[in-house]
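What's in final_17.pdb: PDB, C-alpha atoms and all ligand atoms
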ATOM      1  CA  MET M   1      71.127 124.077  73.959
ATOM      2  CA  LYS M   2      74.286 126.110  74.135
ATOM      3  CA  SER M   3      76.707 125.180  71.392
ATOM      4  CA  CYS M   4      80.442 125.266  71.917
ATOM      5  CA  GLY M   5      82.309 125.315  68.610
ATOM      6  CA  THR M   6      81.074 122.607  66.270
ATOM      7  CA  PHE M   7      80.410 120.088  69.050
ATOM      8  CA  PRO M   8      77.255 120.957  70.984
ATOM      9  CA  TYR M   9      77.751 118.375  73.765
ATOM     10  CA  TRP M  10      81.324 119.311  74.673
ATOM     11  CA  THR M  11      81.131 118.736  78.415
ATOM     12  CA  PRO M  12      84.001 118.247  80.891
ATOM     13  CA  PRO M  13      83.411 114.446  81.262
ATOM     14  CA  LEU M  14      83.548 114.085  77.507
ATOM     15  CA  GLN M  15      86.753 116.084  77.415
ATOM     16  CA  ARG M  16      88.175 113.742  80.012
ATOM     17  CA  ILE M  17      87.293 110.705  77.880
ATOM     18  CA  VAL M  18      89.053 112.298  74.906
ATOM     19  CA  THR M  19      92.108 113.028  77.102
ATOM     20  CA  ILE M  20      92.232 109.428  78.317
ATOM     21  CA  LEU M  21      91.845 108.053  74.801
ATOM     22  CA  LYS M  22      94.667 110.328  73.628
ATOM     23  CA  HIS M  23      96.920 108.922  76.333
ATOM     24  CA  VAL M  24      95.996 105.392  75.312
ATOM     25  CA  ILE M  25      96.785 106.095  71.680
ATOM     26  CA  GLN M  26     100.095 107.722  72.573
ATOM     27  CA  THR M  27     101.177 104.812  74.766
ATOM     28  CA  PRO M  28     103.423 102.411  72.810
ATOM     29  CA  GLY M  29     102.063  98.900  72.489
ATOM     30  CA  ARG M  30      98.466 100.106  72.862
ATOM     31  CA  ASP M  31      97.398 101.306  69.452
ATOM     32  CA  ILE M  32      93.875 102.501  68.906
ATOM     33  CA  GLU M  33      92.886  99.632  66.603
ATOM     34  CA  LYS M  34      93.507  97.190  69.427
ATOM     35  CA  LEU M  35      91.252  99.119  71.810
ATOM     36  CA  ASN M  36      88.373  96.746  72.334
ATOM     37  CA  ARG M  37      84.856  97.708  73.281
ATOM     38  CA  GLU M  38      85.381  96.621  76.885
ATOM     39  CA  THR M  39      88.409  98.907  77.352
ATOM     40  CA  VAL M  40      86.508 101.853  75.927
ATOM     41  CA  ARG M  41      83.561 101.055  78.240
ATOM     42  CA  THR M  42      85.944 100.908  81.206
ATOM     43  CA  LEU M  43      87.440 104.276  80.325
ATOM     44  CA  ILE M  44      84.022 105.868  79.954
ATOM     45  CA  ARG M  45      82.631 104.278  83.148
ATOM     46  CA  GLU M  46      85.653 105.446  85.053
ATOM     47  CA  THR M  47      85.458 108.950  83.655
ATOM     48  CA  MET M  48      81.861 109.235  84.763
ATOM     49  CA  ALA M  49      82.642 107.716  88.176
ATOM     50  CA  GLY M  50      85.212 110.380  89.033
ATOM     51  CA  LYS M  51      88.839 110.347  89.952
ATOM     52  CA  PRO M  52      90.435 107.894  92.369
ATOM     53  CA  THR M  53      91.380 109.479  95.705
ATOM     54  CA  LEU M  54      94.689 108.599  97.322
ATOM     55  CA  HIS M  55      95.085 108.767 101.107
ATOM     56  CA  TYR M  56      98.661 108.983 102.355
ATOM     57  CA  PHE M  57     101.169 111.451 103.724
ATOM     58  CA  LYS M  58     102.752 113.952 101.342
ATOM     59  CA  GLY M  59     105.770 111.850 100.505
ATOM     60  CA  ARG M  60     106.731 108.909  98.343
ATOM     61  CA  GLY M  61     106.643 105.890 100.624
ATOM     62  CA  ARG M  62     104.399 103.025  99.633
ATOM     63  CA  MET M  63     102.043 105.296  97.684
ATOM     64  CA  GLU M  64     104.609 106.428  95.110
ATOM     65  CA  PRO M  65     104.413 103.324  92.854
ATOM     66  CA  ILE M  66     100.621 103.776  92.825
ATOM     67  CA  ARG M  67     101.038 107.410  91.757
ATOM     68  CA  TRP M  68     103.448 106.348  89.007
ATOM     69  CA  LEU M  69     101.107 103.671  87.681
ATOM     70  CA  LEU M  70      98.025 105.889  87.590
ATOM     71  CA  ALA M  71     100.007 108.720  86.043
ATOM     72  CA  ALA M  72     101.522 106.452  83.385
ATOM     73  CA  VAL M  73      98.101 105.284  82.199
ATOM     74  CA  GLY M  74      96.871 108.858  82.160
ATOM     75  CA  VAL M  75      94.377 108.547  85.011
ATOM     76  CA  GLU M  76      93.924 111.754  86.947
ATOM     77  CA  PHE M  77      93.777 111.314  90.700
ATOM     78  CA  GLU M  78      93.150 113.375  93.794
ATOM     79  CA  GLU M  79      95.189 113.218  96.962
ATOM     80  CA  LYS M  80      94.076 113.681 100.554
ATOM     81  CA  PHE M  81      97.197 114.119 102.608
ATOM     82  CA  ILE M  82      97.520 112.789 106.145
ATOM     83  CA  GLU M  83      99.297 115.565 108.000
ATOM     84  CA  THR M  84      98.730 114.728 111.657
ATOM     85  CA  PRO M  85      98.199 111.650 113.857
ATOM     86  CA  GLU M  86      94.587 112.836 114.183
ATOM     87  CA  ASP M  87      94.090 112.647 110.390
ATOM     88  CA  LEU M  88      95.194 109.017 110.466
ATOM     89  CA  GLU M  89      93.081 108.292 113.533
ATOM     90  CA  LYS M  90      90.039 109.733 111.798
ATOM     91  CA  LEU M  91      90.441 107.404 108.823
ATOM     92  CA  ARG M  92      90.761 104.504 111.250
ATOM     93  CA  ASN M  93      87.766 105.549 113.347
ATOM     94  CA  ASP M  94      85.648 106.012 110.233
ATOM     95  CA  GLY M  95      86.391 102.358 109.423
ATOM     96  CA  TYR M  96      88.146 103.217 106.164
ATOM     97  CA  LEU M  97      91.364 101.296 106.790
ATOM     98  CA  LEU M  98      90.788  97.550 106.943
ATOM     99  CA  PHE M  99      94.141  96.856 108.619
ATOM    100  CA  GLN M 100      94.479 100.349 110.169
ATOM    101  CA  GLN M 101      97.192 101.134 107.604
ATOM    102  CA  VAL M 102      97.710 103.296 104.542
ATOM    103  CA  PRO M 103      98.100 103.563 101.543
ATOM    104  CA  MET M 104      94.362 103.592 100.956
ATOM    105  CA  VAL M 105      92.850 104.342  97.566
ATOM    106  CA  GLU M 106      89.199 105.083  96.924
ATOM    107  CA  ILE M 107      88.515 103.708  93.488
ATOM    108  CA  ASP M 108      85.417 102.369  91.734
ATOM    109  CA  GLY M 109      83.369 102.473  94.926
ATOM    110  CA  MET M 110      85.982 100.565  96.948
ATOM    111  CA  LYS M 111      88.344 101.616  99.695
ATOM    112  CA  LEU M 112      91.356  99.531  98.778
ATOM    113  CA  VAL M 113      94.331  98.955 101.076
ATOM    114  CA  GLN M 114      97.471  96.821 100.663
ATOM    115  CA  THR M 115      99.858  98.363  98.162
ATOM    116  CA  ARG M 116     100.280  95.333  95.902
ATOM    117  CA  THR M 117      96.520  94.772  95.731
ATOM    118  CA  ILE M 118      96.020  98.360  94.629
ATOM    119  CA  LEU M 119      98.793  98.088  92.045
ATOM    120  CA  ASN M 120      97.398  94.813  90.706
ATOM    121  CA  TYR M 121      93.910  96.258  90.437
ATOM    122  CA  ILE M 122      95.178  99.224  88.424
ATOM    123  CA  ALA M 123      97.334  96.944  86.257
ATOM    124  CA  ALA M 124      94.412  94.609  85.539
ATOM    125  CA  LYS M 125      92.087  97.488  84.774
ATOM    126  CA  TYR M 126      94.454  99.190  82.327
ATOM    127  CA  ASN M 127      95.985  96.133  80.671
ATOM    128  CA  LEU M 128      99.410  96.448  82.266
ATOM    129  CA  HIS M 129      99.551  92.814  83.254
ATOM    130  CA  GLY M 130     100.582  91.040  80.041
ATOM    131  CA  LYS M 131      98.358  89.297  77.542
ATOM    132  CA  ASP M 132      97.993  85.901  79.229
ATOM    133  CA  MET M 133      98.759  83.999  82.439
ATOM    134  CA  LYS M 134     102.383  83.357  81.530
ATOM    135  CA  GLU M 135     103.071  86.983  80.710
ATOM    136  CA  ARG M 136     101.306  87.985  83.904
ATOM    137  CA  ALA M 137     103.589  85.657  85.883
ATOM    138  CA  LEU M 138     106.626  87.355  84.339
ATOM    139  CA  VAL M 139     105.225  90.831  84.975
ATOM    140  CA  ASP M 140     104.570  89.874  88.611
ATOM    141  CA  MET M 141     107.987  88.246  89.034
ATOM    142  CA  TYR M 142     109.820  91.332  87.726
ATOM    143  CA  SER M 143     107.603  93.624  89.807
ATOM    144  CA  GLU M 144     108.395  91.647  92.959
ATOM    145  CA  GLY M 145     112.126  91.917  92.235
ATOM    146  CA  VAL M 146     111.756  95.675  91.889
ATOM    147  CA  ALA M 147     109.723  95.787  95.113
ATOM    148  CA  ASP M 148     112.450  93.985  97.082
ATOM    149  CA  LEU M 149     115.074  96.621  96.257
ATOM    150  CA  TYR M 150     112.548  99.465  96.447
ATOM    151  CA  GLU M 151     111.631  98.401 100.009
ATOM    152  CA  MET M 152     115.282  98.692 101.076
ATOM    153  CA  ILE M 153     115.475 102.225  99.663
ATOM    154  CA  LEU M 154     112.094 103.135 101.156
ATOM    155  CA  LEU M 155     113.173 102.212 104.664
ATOM    156  CA  LEU M 156     116.585 103.902 104.451
ATOM    157  CA  PRO M 157     115.488 107.258 105.950
ATOM    158  CA  LEU M 158     114.125 105.427 109.007
ATOM    159  CA  CYS M 159     117.388 103.601 109.590
ATOM    160  CA  PRO M 160     119.275 104.499 112.819
ATOM    161  CA  PRO M 161     122.184 106.822 111.932
ATOM    162  CA  ASP M 162     124.857 104.324 113.024
ATOM    163  CA  GLN M 163     123.470 101.689 110.594
ATOM    164  CA  LYS M 164     122.855 103.981 107.625
ATOM    165  CA  GLY M 165     126.287 103.593 106.031
ATOM    166  CA  ALA M 166     126.094  99.796 106.057
ATOM    167  CA  LYS M 167     122.534  99.854 104.654
ATOM    168  CA  MET M 168     123.633 102.191 101.861
ATOM    169  CA  THR M 169     126.542  99.894 100.967
ATOM    170  CA  GLN M 170     124.151  96.942 100.897
ATOM    171  CA  ILE M 171     121.722  98.786  98.595
ATOM    172  CA  LYS M 172     124.513  99.709  96.165
ATOM    173  CA  GLU M 173     125.878  96.178  96.180
ATOM    174  CA  LYS M 174     122.456  94.608  95.553
ATOM    175  CA  THR M 175     121.712  97.152  92.818
ATOM    176  CA  THR M 176     124.871  96.546  90.810
ATOM    177  CA  ASN M 177     125.363  92.836  91.463
ATOM    178  CA  ARG M 178     121.850  91.469  91.691
ATOM    179  CA  TYR M 179     118.911  93.556  90.485
ATOM    180  CA  PHE M 180     120.206  95.752  87.636
ATOM    181  CA  PRO M 181     122.120  92.867  85.984
ATOM    182  CA  ALA M 182     118.984  90.710  86.170
ATOM    183  CA  PHE M 183     116.792  93.297  84.436
ATOM    184  CA  GLU M 184     119.507  94.132  81.882
ATOM    185  CA  LYS M 185     119.711  90.411  81.097
ATOM    186  CA  VAL M 186     115.938  90.149  80.582
ATOM    187  CA  LEU M 187     115.947  93.080  78.130
ATOM    188  CA  LYS M 188     118.985  91.710  76.311
ATOM    189  CA  SER M 189     117.507  88.191  76.052
ATOM    190  CA  HIS M 190     114.661  89.301  73.768
ATOM    191  CA  GLY M 191     115.948  92.624  72.421
ATOM    192  CA  GLN M 192     112.530  94.245  72.768
ATOM    193  CA  ASP M 193     111.603  97.664  74.081
ATOM    194  CA  TYR M 194     109.735  96.467  77.177
ATOM    195  CA  LEU M 195     110.304  93.767  79.773
ATOM    196  CA  VAL M 196     107.371  91.535  78.772
ATOM    197  CA  GLY M 197     105.616  90.872  75.454
ATOM    198  CA  ASN M 198     107.016  93.943  73.710
ATOM    199  CA  ARG M 199     104.423  96.174  75.324
ATOM    200  CA  LEU M 200     104.198  98.393  78.357
ATOM    201  CA  SER M 201     103.433  96.623  81.626
ATOM    202  CA  LYS M 202     103.448  97.642  85.257
ATOM    203  CA  ALA M 203     106.895  96.024  85.595
ATOM    204  CA  ASP M 204     108.418  98.623  83.222
ATOM    205  CA  ILE M 205     106.891 101.473  85.183
ATOM    206  CA  HIS M 206     108.004 100.078  88.556
ATOM    207  CA  LEU M 207     111.505  99.476  87.214
ATOM    208  CA  VAL M 208     111.893 103.001  85.885
ATOM    209  CA  GLU M 209     110.671 104.427  89.191
ATOM    210  CA  LEU M 210     113.315 102.305  90.894
ATOM    211  CA  ILE M 211     116.021 103.509  88.494
ATOM    212  CA  TYR M 212     115.209 107.121  89.374
ATOM    213  CA  ALA M 213     115.380 106.292  93.091
ATOM    214  CA  VAL M 214     118.720 104.505  92.696
ATOM    215  CA  GLU M 215     120.153 107.386  90.686
ATOM    216  CA  GLU M 216     119.300 109.742  93.527
ATOM    217  CA  ILE M 217     121.535 107.625  95.742
ATOM    218  CA  ASP M 218     124.360 107.362  93.210
ATOM    219  CA  PRO M 219     123.941 108.203  89.494
ATOM    220  CA  SER M 220     126.984 106.125  88.563
ATOM    221  CA  LEU M 221     125.149 102.910  89.496
ATOM    222  CA  LEU M 222     123.373 102.954  86.134
ATOM    223  CA  ALA M 223     126.571 103.393  84.122
ATOM    224  CA  ASN M 224     127.035  99.770  83.053
ATOM    225  CA  PHE M 225     123.437  99.087  82.111
ATOM    226  CA  PRO M 226     122.731 100.595  78.662
ATOM    227  CA  LEU M 227     119.425  98.800  78.163
ATOM    228  CA  LEU M 228     118.097 100.039  81.498
ATOM    229  CA  LYS M 229     119.160 103.543  80.523
ATOM    230  CA  ALA M 230     117.263 103.203  77.231
ATOM    231  CA  LEU M 231     114.178 101.900  79.051
ATOM    232  CA  LYS M 232     114.317 104.846  81.423
ATOM    233  CA  THR M 233     114.438 107.279  78.496
ATOM    234  CA  ARG M 234     111.629 105.491  76.666
ATOM    235  CA  ILE M 235     109.245 105.458  79.630
ATOM    236  CA  SER M 236     110.180 108.988  80.724
ATOM    237  CA  ASN M 237     109.251 110.242  77.267
ATOM    238  CA  LEU M 238     105.709 108.899  77.378
ATOM    239  CA  PRO M 239     103.602 112.075  77.475
ATOM    240  CA  THR M 240     101.787 110.910  80.618
ATOM    241  CA  VAL M 241     105.017 110.143  82.495
ATOM    242  CA  LYS M 242     106.654 113.323  81.264
ATOM    243  CA  LYS M 243     103.796 115.308  82.751
ATOM    244  CA  PHE M 244     104.111 113.409  86.046
ATOM    245  CA  LEU M 245     107.865 114.019  86.254
ATOM    246  CA  GLN M 246     107.877 117.676  85.350
ATOM    247  CA  PRO M 247     108.152 120.291  88.116
ATOM    248  CA  GLY M 248     104.716 120.786  89.651
ATOM    249  CA  GLY M 249     103.704 117.225  88.705
ATOM    250  CA  GLN M 250     102.341 114.745  91.260
ATOM    251  CA  ARG M 251     105.627 112.917  91.778
ATOM    252  CA  LYS M 252     106.812 113.460  95.334
ATOM    253  CA  ALA M 253     110.229 114.684  96.457
ATOM    254  CA  PRO M 254     112.455 112.618  98.745
ATOM    255  CA  LEU M 255     111.737 113.151 102.453
ATOM    256  CA  ASP M 256     113.663 116.020 104.028
ATOM    257  CA  GLU M 257     114.286 116.183 107.788
ATOM    258  CA  LYS M 258     111.097 118.134 108.483
ATOM    259  CA  ALA M 259     108.905 115.743 106.498
ATOM    260  CA  LEU M 260     110.588 112.773 108.152
ATOM    261  CA  GLU M 261     109.757 114.210 111.569
ATOM    262  CA  GLN M 262     106.143 114.570 110.492
ATOM    263  CA  VAL M 263     106.057 110.924 109.336
ATOM    264  CA  ARG M 264     107.470 109.774 112.670
ATOM    265  CA  LYS M 265     104.753 111.722 114.463
ATOM    266  CA  ILE M 266     101.899 110.459 112.299
ATOM    267  CA  PHE M 267     102.867 106.797 112.588
ATOM    268  CA  LYS M 268     104.338 107.041 116.097
ATOM    269  CA  ILE M 269     107.676 105.628 114.971
TER     270      ILE M 269
HETATM  271  N1  LIG M 301     101.382  95.587 103.685
HETATM  272  C1  LIG M 301     100.936  96.951 103.769
HETATM  273  C2  LIG M 301     101.847  97.711 104.705
HETATM  274  C3  LIG M 301     101.313  99.108 104.908
HETATM  275  C4  LIG M 301     102.095  99.899 105.940
HETATM  276  O1  LIG M 301     103.005  99.385 106.592
HETATM  277  N2  LIG M 301     101.726 101.173 106.060
HETATM  278  C5  LIG M 301     102.299 102.045 107.044
HETATM  279  C6  LIG M 301     102.573 103.398 106.415
HETATM  280  S1  LIG M 301     103.682 103.277 105.057
HETATM  281  C7  LIG M 301     101.269 102.225 108.140
HETATM  282  O2  LIG M 301     100.115 102.512 107.877
HETATM  283  N3  LIG M 301     101.703 102.070 109.391
HETATM  284  C8  LIG M 301     100.859 102.213 110.541
HETATM  285  C9  LIG M 301     100.578 100.907 111.220
HETATM  286  O3  LIG M 301     101.026  99.850 110.743
HETATM  287  O4  LIG M 301      99.909 100.945 112.243
HETATM  288  C10 LIG M 301     100.948  97.573 102.370
HETATM  289  O5  LIG M 301     101.775  97.160 101.545
HETATM  290  O6  LIG M 301     100.142  98.460 102.080
END

Whole structure given in structure tokens:
Amino acid sequence: MKSCGTFPYWTPPLQRIVTILKHVIQTPGRDIEKLNRETVRTLIRETMAGKPTLHYFKGRGRMEPIRWLLAAVGVEFEEKFIETPEDLEKLRNDGYLLFQQVPMVEIDGMKLVQTRTILNYIAAKYNLHGKDMKERALVDMYSEGVADLYEMILLLPLCPPDQKGAKMTQIKEKTTNRYFPAFEKVLKSHGQDYLVGNRLSKADIHLVELIYAVEEIDPSLLANFPLLKALKTRISNLPTVKKFLQPGGQRKAPLDEKALEQVRKIFKI
């Protein structure tokens, strides 16, 4: 057998397991001693099973929180971009989209649709859902709050031009008077580094994604929320997230006019 260095069985899948384990070790709140046998089995099974495949257009939309979550836990994924109405029609005709909609993610032998279902599956699989039912309820409650504001931002580009100004004002108002104060209050109430149970959960990742999106609208909106700023820095510095955010990473840019036109064509909007 060919030997490579001192480790004769140094194969790509094994390298991937080591990469995943490194990410786990480097993720705060998930130290190696707490890695139980089941988690290690999951990581190995998944490594052997191959990467999840994401089906969506080449833009943020409803797939972006899924990209963030997978990236944050250090799971590599492949993307098949829908570029034409025919691409979407093919997925439908092949029976891959249960409700004829995307996002769709091929993962662990399933073709999952419904954004929240996909997010919850990833969160459950990688322990981003709190340690018990009560923590999970908090994680879900915070995630839903994030999703409400995120949805408003997501739909903004599709807003008729004469309503855009009013929508933008509403987003800014809800950000500064409702959602950011709520999350700042949660962080202040326990003084810990993460929203729930002093360890990383999907709620932290969704919130930081939202903060980035809000800052693109108006960076000053974060000014009065020091704990949100600190959370953003903390999560952005996780090696996995850093890699995702860096130029050339899998994070998508906001839709420009050309991309928006393509989206309208694909979905017949
Ligand atoms: N509840 C679904 C909504 C999915 C959805 O509205 N997807 C849009 C693209 S972002 C779509 O496929 N639209 C085509 C259609 O509804 O026929 C989810 O959260 O995944």

Could you check how far atom CA of M:Lys90 sits from atom C2 of ligand LIG 301 (chain M), in Å to one decimal?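 Those two atoms sit 18.3 Å apart.
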
Which polymer residues, protein or nucleic acid, are no farther than 10 Å from (122.6, 99.9, 92.7), counting all atoms listed in the file, as number ranges by chain? M: 149, 168-181, 210-211, 213-215, 217-222

Would you name the residues within 6 Å of ligand LIG 301 (chain M), counting only C-alpha atoms and all ligand atoms, and put them as JSON, numbers by chain? {"M": [61, 62, 100, 101, 102, 103, 113, 114, 115, 267]}

Between M:Ile235, M:Leu91, M:Leu70, M:Leu207, which is the closest to M:Ile107 once you count all atoms listed in the file?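 For M:Ile107, the nearest of the given residues is M:Leu70.
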
If you count only C-alpha atoms, which residues fall within 8 Å of M:Leu231, apart from same-chain ones fewer than 2 positions away, as a tab-separated table (two decimals) with C-alpha atoms, keeping the file's coordinate frame?
chain	number	residue	atom	x	y	z
M	193	ASP	CA	111.60	97.66	74.08
M	194	TYR	CA	109.74	96.47	77.18
M	204	ASP	CA	108.42	98.62	83.22
M	208	VAL	CA	111.89	103.00	85.88
M	227	LEU	CA	119.42	98.80	78.16
M	228	LEU	CA	118.10	100.04	81.50
M	229	LYS	CA	119.16	103.54	80.52
M	233	THR	CA	114.44	107.28	78.50
M	234	ARG	CA	111.63	105.49	76.67
M	235	ILE	CA	109.24	105.46	79.63

To one decimal place in Å, what is the distance between atom CA of M:Ala123 and atom CA of M:Gly249? 21.4 Å

Excluding M:Thr53 and any residue of its chain fewer than 3 positions from it, enumerate the residues within 7 Å of it, using only C-alpha atoms, and give them as JSON, numbers by chain. {"M": [77, 78, 79, 80, 105, 106, 107]}

Could you check which of M:Leu255, M:Ala71, M:Leu54, M:Leu195 is closest to M:His129, using only C-alpha atoms? M:Leu195

Could you check how far atom CA of M:Met63 sits from atom CA of M:Asp256, in Å to one decimal? 17.0 Å

Would you please work out which residue, of M:Gly74, M:Gly145, M:Pro239, M:Pro161, is nearest to M:Tyr126 when using all atoms listed in the file? M:Gly74

Min atom-atom distance to M:Arg60 from the set M:Glu184, M:Glu86, M:Glu76, M:Glu209, counting all atoms listed in the file, belongs to M:Glu209

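For the set M:Gly191, M:Val146, M:Lys111, M:Lys164, the residue with the smallest atom-to-atom gap to M:Leu98 is M:Lys111, counting only C-alpha atoms.
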
List the residues matched by the PyMOL selection byres (((chain M and resi 198) around 12) and not hetatm) in the displayed structure as a ChimeraX atom specification, ordered by chain and then by residue number. /M:28-30,128,130-131,135,139,186-187,190-197,199-201,204,231

Selection: 10 Å around M:Glu83, all atoms listed in the file, excl. self and same-chain fewer than 4 positions, as a PyMOL selection string: chain M and resi 56-58+87-88+259+262-263+265-266

Can you turn the PyMOL selection byres (((chain M and resi 68) around 9) and not hetatm) into a concrete residue list for this file, as a tab-separated table (two decimals) with C-alpha atoms, in the coordinates of the input?
chain	number	residue	atom	x	y	z
M	63	MET	CA	102.04	105.30	97.68
M	64	GLU	CA	104.61	106.43	95.11
M	65	PRO	CA	104.41	103.32	92.85
M	66	ILE	CA	100.62	103.78	92.82
M	67	ARG	CA	101.04	107.41	91.76
M	69	LEU	CA	101.11	103.67	87.68
M	70	LEU	CA	98.02	105.89	87.59
M	71	ALA	CA	100.01	108.72	86.04
M	72	ALA	CA	101.52	106.45	83.38
M	73	VAL	CA	98.10	105.28	82.20
M	205	ILE	CA	106.89	101.47	85.18
M	206	HIS	CA	108.00	100.08	88.56
M	209	GLU	CA	110.67	104.43	89.19
M	241	VAL	CA	105.02	110.14	82.50
M	244	PHE	CA	104.11	113.41	86.05
M	250	GLN	CA	102.34	114.74	91.26
M	251	ARG	CA	105.63	112.92	91.78

Tell me, as a PyMOL selection string, which residues lie within 10 Å of M:Ala147, counting only C-alpha atoms; anything in the same chain fewer than 3 positions away does not count. chain M and resi 65+116+141-144+150-154+203+206-207+210
